[in-house]
Every structure is written in structure tokens, then in C-alpha cells.
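Below: one structure, written as C-alpha cells.
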Amino acid sequence: MNGLKRGALIVVEGVDRSGKSTQCRKLVESLKARNVNAALVTFPDRTTSTGGLIDKYLKQETHLCDEAIHLMFTANRWEKKAEMERLLKQGVTLVVDRYSYSGIVYSSVKKNMSVKWCQEPENGLLKPDLVLLLVLSEAEMVKRPNYGSEIYENREMQEKVAQAFRDLSEREKWEVVSADGGVEDVHKELLDKVIKKVSQVGTQPLHTLNF
Ligand code: 2DT
Ligand code: MG
């Protein structure tokens, strides 16, 4: 035992416009300010070769069938597994903006895709120590109507995604946090949970996903 504590794998999930990216950035800043070694990881990572294809698909510049794009998103995570594992073992806490759960949820709300099929290729990826789900109330969703022009950015899809995230959060052990409040209030609530988790996982082994 070398006494080095590993970092925590923290995932933030939620629908579009729930403030995930802002909150993830702020979490990393606040952790660093408390001398916790931390880094931000974003999925999809649009900078890799699979990420380039995913970016084109999301922007509707290229078409891929549902199965193929699903596997691209998964491959995009597999590409980063080794680097993530190395960082965690070096003691870096990773704050991850979307992960396998976005992969499963966005694909499985399509009518031809079963949850079981969508989960299978995620097995073996690193298992998060904590999943934080940002949820928006119906009223707040209506107040944030300005979706972008990417393929999933429309009300119908977002409502299906929101429901699927709620279903998944009940089955898995997730912390559900309301994203209706101000940026700073939501941040405080998230940071509190993250700090607790970081202090717990230091000497615990890393696990892999096994749906
Ligand atoms: P951003 O808006 O966060 O850039 O996400 N998505 C994401 C999937 O369909 N499968 C996945 O595995 C992941 C990580 C959610 C871009 C869109 O990509 C969707 C929104
Ligand atoms: Mg988006």
C-alpha cells in the first residue's frame, strides 16, 4: 500500500439546458480551490476521431443509423477509459459531464432500441462513485425554451429523456438535485455531495459497470 488515495469518479447527468456544463466547470474550480486535484471530462469528446463523427451526426451533417451512432458514443467513452483510470489512480478526481447513462437514455427512447441492447456495450467501462442527476421541473423547462439546432434538441425528445432519466435514477443509487434554483445554490448542493464522496473513496477499489 503506497498510501496514495485515488480520485473519485463523479458523473453529472441531466437533460439539455439543466446547467450540467456550468455546474461541472464550477465543481472542478471549487475542488481545486480546496486543494483537491480535479479535472473535467466531457462526453461526447468531440475532439477524437469518433467524436468528429458524433459532432457531424448531432449537427445533422451526416446520417448514421441508430445502432451505429449508439456504438460511436460508447466507443468515444472506451477511447478515454485508460486515461481516466490512470488519472483516478494518480489521485485526480474526475468530474464527468454526461456518461454511459446519457448513452443509454438518449438511444433507448428511440422506439427501435431496447434498454438491454443499449446497456450491453457500456459494461466494463469505469463505474462512477457518484451520479448526480440534475432535474428541471415542468415549469422551469418551459422557461428555458431556447434549444439549439442539434438533432436531440427539441421538446418532444427532451421530455422522453427526462422521464427515462427519472426511471433510471430510481433503479440506480443516484443523488437527484433540482436544477430550478440559481447557479450558486445548485452548485453548493452539488459541491457538498461531491466533497463527501471524495473523502470516502480514497482507499476503495475502482469498479466497472455491470448492467
Ligand atoms: P452535449 O449537449 O452535452 O454536448 O451532448 N448523447 C450524449 C448521446 O446520445 N449519447 C451519449 O452517449 C452522450 C454522452 C446527448 C450532445 C448530445 O449527445 C447526446 C446530447
Ligand atoms: Mg447539448
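Going through the C-alpha cells in order, the chains are called A, B, and so on, while each chain numbers its residues from 1 and the ligands are numbered from 1 in the order shown.
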Could you produce a table of the residues of chain A lying within 7 Å of ligand 1, with the nearest pair of atoms per residue and their separation in Å rounded to one decimal, using only C-alpha atoms and all ligand atoms, ordered by chain and increasing residue number, as JSON lines?
```
{"residue": "A:Asp16", "atom": "CA", "partner": "ligand 1", "partner_atom_place_in_ligand_line": "2 (O)", "distance": 6.2}
{"residue": "A:Phe43", "atom": "CA", "partner": "ligand 1", "partner_atom_place_in_ligand_line": "14 (C)", "distance": 4.4}
{"residue": "A:Pro44", "atom": "CA", "partner": "ligand 1", "partner_atom_place_in_ligand_line": "14 (C)", "distance": 4.6}
{"residue": "A:Leu58", "atom": "CA", "partner": "ligand 1", "partner_atom_place_in_ligand_line": "17 (C)", "distance": 6.6}
{"residue": "A:His70", "atom": "CA", "partner": "ligand 1", "partner_atom_place_in_ligand_line": "10 (N)", "distance": 6.5}
{"residue": "A:Phe73", "atom": "CA", "partner": "ligand 1", "partner_atom_place_in_ligand_line": "12 (O)", "distance": 4.5}
{"residue": "A:Thr74", "atom": "CA", "partner": "ligand 1", "partner_atom_place_in_ligand_line": "12 (O)", "distance": 6.0}
{"residue": "A:Asp97", "atom": "CA", "partner": "ligand 1", "partner_atom_place_in_ligand_line": "3 (O)", "distance": 7.0}
{"residue": "A:Arg98", "atom": "CA", "partner": "ligand 1", "partner_atom_place_in_ligand_line": "14 (C)", "distance": 5.1}
{"residue": "A:Tyr99", "atom": "CA", "partner": "ligand 1", "partner_atom_place_in_ligand_line": "14 (C)", "distance": 5.1}
{"residue": "A:Ser100", "atom": "CA", "partner": "ligand 1", "partner_atom_place_in_ligand_line": "12 (O)", "distance": 5.6}
{"residue": "A:Ser102", "atom": "CA", "partner": "ligand 1", "partner_atom_place_in_ligand_line": "11 (C)", "distance": 4.8}
{"residue": "A:Gly103", "atom": "CA", "partner": "ligand 1", "partner_atom_place_in_ligand_line": "12 (O)", "distance": 3.0}
{"residue": "A:Ile104", "atom": "CA", "partner": "ligand 1", "partner_atom_place_in_ligand_line": "12 (O)", "distance": 6.8}
{"residue": "A:Tyr106", "atom": "CA", "partner": "ligand 1", "partner_atom_place_in_ligand_line": "9 (O)", "distance": 4.6}
{"residue": "A:Ser107", "atom": "CA", "partner": "ligand 1", "partner_atom_place_in_ligand_line": "9 (O)", "distance": 5.9}
{"residue": "A:Tyr152", "atom": "CA", "partner": "ligand 1", "partner_atom_place_in_ligand_line": "20 (C)", "distance": 6.3}
```
Could you give me, as an NGL selection string, the residues within 12 Å of Cys118 in chain A, counting only C-alpha atoms and dropping anything in the same chain fewer than 2 positions from it? :A and (66-74 or 100-110 or 112-116 or 120-123 or 211)
Filtering to C-alpha atoms, could you give me those residues as a PDB file, in the first residue's frame?
```
ATOM      1  CA  ASP A  66     -29.479   4.407 -34.550  1.00  0.00           C
ATOM      2  CA  GLU A  67     -27.364   1.342 -33.738  1.00  0.00           C
ATOM      3  CA  ALA A  68     -24.222   2.790 -35.329  1.00  0.00           C
ATOM      4  CA  ILE A  69     -24.417   6.176 -33.599  1.00  0.00           C
ATOM      5  CA  HIS A  70     -25.117   4.445 -30.282  1.00  0.00           C
ATOM      6  CA  LEU A  71     -21.928   2.408 -30.642  1.00  0.00           C
ATOM      7  CA  MET A  72     -19.968   5.534 -31.666  1.00  0.00           C
ATOM      8  CA  PHE A  73     -20.924   7.263 -28.417  1.00  0.00           C
ATOM      9  CA  THR A  74     -19.884   4.142 -26.490  1.00  0.00           C
ATOM     10  CA  SER A 100     -22.977   5.950 -20.149  1.00  0.00           C
ATOM     11  CA  TYR A 101     -26.381   6.931 -18.742  1.00  0.00           C
ATOM     12  CA  SER A 102     -26.829   9.641 -21.395  1.00  0.00           C
ATOM     13  CA  GLY A 103     -25.780   6.997 -23.890  1.00  0.00           C
ATOM     14  CA  ILE A 104     -28.438   4.546 -22.688  1.00  0.00           C
ATOM     15  CA  VAL A 105     -31.184   7.112 -22.175  1.00  0.00           C
ATOM     16  CA  TYR A 106     -30.902   9.104 -25.432  1.00  0.00           C
ATOM     17  CA  SER A 107     -30.697   5.921 -27.519  1.00  0.00           C
ATOM     18  CA  SER A 108     -33.306   3.833 -25.714  1.00  0.00           C
ATOM     19  CA  VAL A 109     -36.072   6.434 -26.006  1.00  0.00           C
ATOM     20  CA  LYS A 110     -35.919   5.754 -29.754  1.00  0.00           C
ATOM     21  CA  ASN A 112     -36.460   0.533 -32.051  1.00  0.00           C
ATOM     22  CA  MET A 113     -33.806   0.391 -29.310  1.00  0.00           C
ATOM     23  CA  SER A 114     -34.169  -1.691 -26.133  1.00  0.00           C
ATOM     24  CA  VAL A 115     -32.538  -0.622 -22.878  1.00  0.00           C
ATOM     25  CA  LYS A 116     -30.866  -4.029 -22.635  1.00  0.00           C
ATOM     26  CA  GLU A 120     -24.524  -4.056 -23.172  1.00  0.00           C
ATOM     27  CA  PRO A 121     -21.510  -2.242 -24.741  1.00  0.00           C
ATOM     28  CA  GLU A 122     -21.181   0.011 -21.671  1.00  0.00           C
ATOM     29  CA  ASN A 123     -20.267  -2.976 -19.478  1.00  0.00           C
ATOM     30  CA  PHE A 211     -25.621  -3.657 -16.115  1.00  0.00           C
TER      31      PHE A 211
END
```
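Looking only at range 15-128 of chain A, the set that DSSP places in strand (DSSP E) from backbone geometry is Ala38, Ala39, Leu40, Val41, Thr42, Thr93, Leu94, Val95, Val96 and Asp97 of chain A.
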Judged by only C-alpha atoms and all ligand atoms, the minimum distance to ligand 2 among A:Ala139, A:Ala8, A:Leu206, A:Val15 is found for A:Val15
Leaving out range 80-94 of chain A and any residue of its chain fewer than 3 positions from it, which residues lie within 10 Å of it when counting only C-alpha atoms, given as a count of residues only? 36
Going by DSSP on the backbone, which residues of range 33-101 of chain A come out as alpha helix (DSSP H)? List them as a count of residues only. 37
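CA of Glu140 in chain A is positioned 23.4 Å from CA of Lys193 in chain A.
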Please provide the set of residues having any atom within 12 Å of Glu184 in chain A, restricted to only C-alpha atoms, with same-chain residues fewer than 2 positions apart removed, written as a ChimeraX atom specification. /A:19,22-23,26-27,30,179-182,186-191
Kindly export the residues of the current selection with N, CA, C and O atoms, as a PDB file, in the first residue's frame.
```pdb
ATOM      1  N   GLY A  19     -28.097  22.917 -17.014  1.00  0.00           N
ATOM      2  CA  GLY A  19     -26.938  23.589 -16.425  1.00  0.00           C
ATOM      3  C   GLY A  19     -25.775  22.659 -16.100  1.00  0.00           C
ATOM      4  O   GLY A  19     -24.875  23.030 -15.341  1.00  0.00           O
ATOM      5  N   THR A  22     -22.084  24.089 -16.915  1.00  0.00           N
ATOM      6  CA  THR A  22     -21.728  25.161 -15.974  1.00  0.00           C
ATOM      7  C   THR A  22     -21.399  24.561 -14.613  1.00  0.00           C
ATOM      8  O   THR A  22     -20.380  24.902 -13.998  1.00  0.00           O
ATOM      9  N   GLN A  23     -22.249  23.661 -14.151  1.00  0.00           N
ATOM     10  CA  GLN A  23     -22.045  23.078 -12.830  1.00  0.00           C
ATOM     11  C   GLN A  23     -20.772  22.228 -12.785  1.00  0.00           C
ATOM     12  O   GLN A  23     -20.054  22.239 -11.784  1.00  0.00           O
ATOM     13  N   LYS A  26     -17.788  24.544 -12.529  1.00  0.00           N
ATOM     14  CA  LYS A  26     -17.703  25.144 -11.195  1.00  0.00           C
ATOM     15  C   LYS A  26     -17.240  24.128 -10.145  1.00  0.00           C
ATOM     16  O   LYS A  26     -16.509  24.476  -9.215  1.00  0.00           O
ATOM     17  N   LEU A  27     -17.667  22.875 -10.302  1.00  0.00           N
ATOM     18  CA  LEU A  27     -17.227  21.845  -9.354  1.00  0.00           C
ATOM     19  C   LEU A  27     -15.708  21.681  -9.404  1.00  0.00           C
ATOM     20  O   LEU A  27     -15.041  21.620  -8.374  1.00  0.00           O
ATOM     21  N   SER A  30     -14.044  24.695  -7.747  1.00  0.00           N
ATOM     22  CA  SER A  30     -14.169  24.691  -6.290  1.00  0.00           C
ATOM     23  C   SER A  30     -13.324  23.600  -5.644  1.00  0.00           C
ATOM     24  O   SER A  30     -12.772  23.798  -4.561  1.00  0.00           O
ATOM     25  N   ALA A 179     -32.477  21.432 -10.471  1.00  0.00           N
ATOM     26  CA  ALA A 179     -31.682  22.448 -11.178  1.00  0.00           C
ATOM     27  C   ALA A 179     -32.492  23.728 -11.368  1.00  0.00           C
ATOM     28  O   ALA A 179     -32.093  24.631 -12.103  1.00  0.00           O
ATOM     29  N   ASP A 180     -33.645  23.827 -10.698  1.00  0.00           N
ATOM     30  CA  ASP A 180     -34.500  25.003 -10.855  1.00  0.00           C
ATOM     31  C   ASP A 180     -33.897  26.254 -10.212  1.00  0.00           C
ATOM     32  O   ASP A 180     -34.168  27.363 -10.639  1.00  0.00           O
ATOM     33  N   GLY A 181     -33.110  26.075  -9.160  1.00  0.00           N
ATOM     34  CA  GLY A 181     -32.577  27.210  -8.398  1.00  0.00           C
ATOM     35  C   GLY A 181     -31.486  27.955  -9.150  1.00  0.00           C
ATOM     36  O   GLY A 181     -31.133  27.612 -10.270  1.00  0.00           O
ATOM     37  N   GLY A 182     -30.937  28.985  -8.483  1.00  0.00           N
ATOM     38  CA  GLY A 182     -29.854  29.774  -9.074  1.00  0.00           C
ATOM     39  C   GLY A 182     -28.579  28.942  -9.175  1.00  0.00           C
ATOM     40  O   GLY A 182     -28.430  27.942  -8.461  1.00  0.00           O
ATOM     41  N   VAL A 186     -27.466  25.730  -6.633  1.00  0.00           N
ATOM     42  CA  VAL A 186     -27.310  24.371  -7.160  1.00  0.00           C
ATOM     43  C   VAL A 186     -25.865  23.918  -6.934  1.00  0.00           C
ATOM     44  O   VAL A 186     -25.605  22.789  -6.505  1.00  0.00           O
ATOM     45  N   HIS A 187     -24.930  24.827  -7.190  1.00  0.00           N
ATOM     46  CA  HIS A 187     -23.504  24.500  -7.016  1.00  0.00           C
ATOM     47  C   HIS A 187     -23.200  24.058  -5.585  1.00  0.00           C
ATOM     48  O   HIS A 187     -22.518  23.062  -5.366  1.00  0.00           O
ATOM     49  N   LYS A 188     -23.715  24.808  -4.616  1.00  0.00           N
ATOM     50  CA  LYS A 188     -23.459  24.476  -3.204  1.00  0.00           C
ATOM     51  C   LYS A 188     -23.939  23.068  -2.872  1.00  0.00           C
ATOM     52  O   LYS A 188     -23.258  22.304  -2.193  1.00  0.00           O
ATOM     53  N   GLU A 189     -25.137  22.756  -3.353  1.00  0.00           N
ATOM     54  CA  GLU A 189     -25.714  21.443  -3.059  1.00  0.00           C
ATOM     55  C   GLU A 189     -24.873  20.319  -3.679  1.00  0.00           C
ATOM     56  O   GLU A 189     -24.600  19.302  -3.049  1.00  0.00           O
ATOM     57  N   LEU A 190     -24.450  20.552  -4.911  1.00  0.00           N
ATOM     58  CA  LEU A 190     -23.639  19.538  -5.597  1.00  0.00           C
ATOM     59  C   LEU A 190     -22.279  19.394  -4.925  1.00  0.00           C
ATOM     60  O   LEU A 190     -21.800  18.274  -4.681  1.00  0.00           O
ATOM     61  N   LEU A 191     -21.648  20.531  -4.631  1.00  0.00           N
ATOM     62  CA  LEU A 191     -20.290  20.509  -4.063  1.00  0.00           C
ATOM     63  C   LEU A 191     -20.255  19.747  -2.745  1.00  0.00           C
ATOM     64  O   LEU A 191     -19.338  18.960  -2.475  1.00  0.00           O
TER      65      LEU A 191
END
```
Closest of A:Leu209, A:Val183, A:Ile151, A:Ala162 to Glu138 in chain A, counting only C-alpha atoms, is A:Ala162
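If you measure from each of A:Thr62, A:Thr50, A:Ser137, A:Gln158 to ligand 2 using only C-alpha atoms and all ligand atoms, the closest one turns out to be A:Gln158.
Using only C-alpha atoms, the nearest neighbour of Pro145 in chain A within the list A:Val95, A:Arg17, A:Met157, A:Val12 is A:Arg17.
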So, with only C-alpha atoms and all ligand atoms as the atoms that count, which of A:Lys197, A:Lys160, A:Arg25, A:Lys20 lies closest to ligand 2? A:Lys20
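In this model, the gap between CA of Ile54 in chain A and CA of Gly148 in chain A comes to 16.0 Å.
What separates CA of Ser149 in chain A from CA of Leu132 in chain A is a distance of 26.1 Å.
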Contacts of range 61-153 of chain A with range 166-178 of chain A up to 8 Å, shortest pair per row, only C-alpha atoms, as CSV:
```
residue,atom,partner,partner_atom,distance
A:Leu130,CA,A:Trp174,CA,7.0
A:Val131,CA,A:Trp174,CA,5.3
A:Leu132,CA,A:Glu175,CA,4.9
A:Leu133,CA,A:Val176,CA,4.8
A:Leu134,CA,A:Val177,CA,5.1
A:Val135,CA,A:Ser178,CA,5.0
A:Leu136,CA,A:Ser178,CA,6.2
A:Ser137,CA,A:Ser178,CA,7.8
```
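Closest approach to ligand 2 from the set A:Glu150, A:Glu29, A:Lys127, A:Ile195 is made by A:Glu150, with distances taken over only C-alpha atoms and all ligand atoms.
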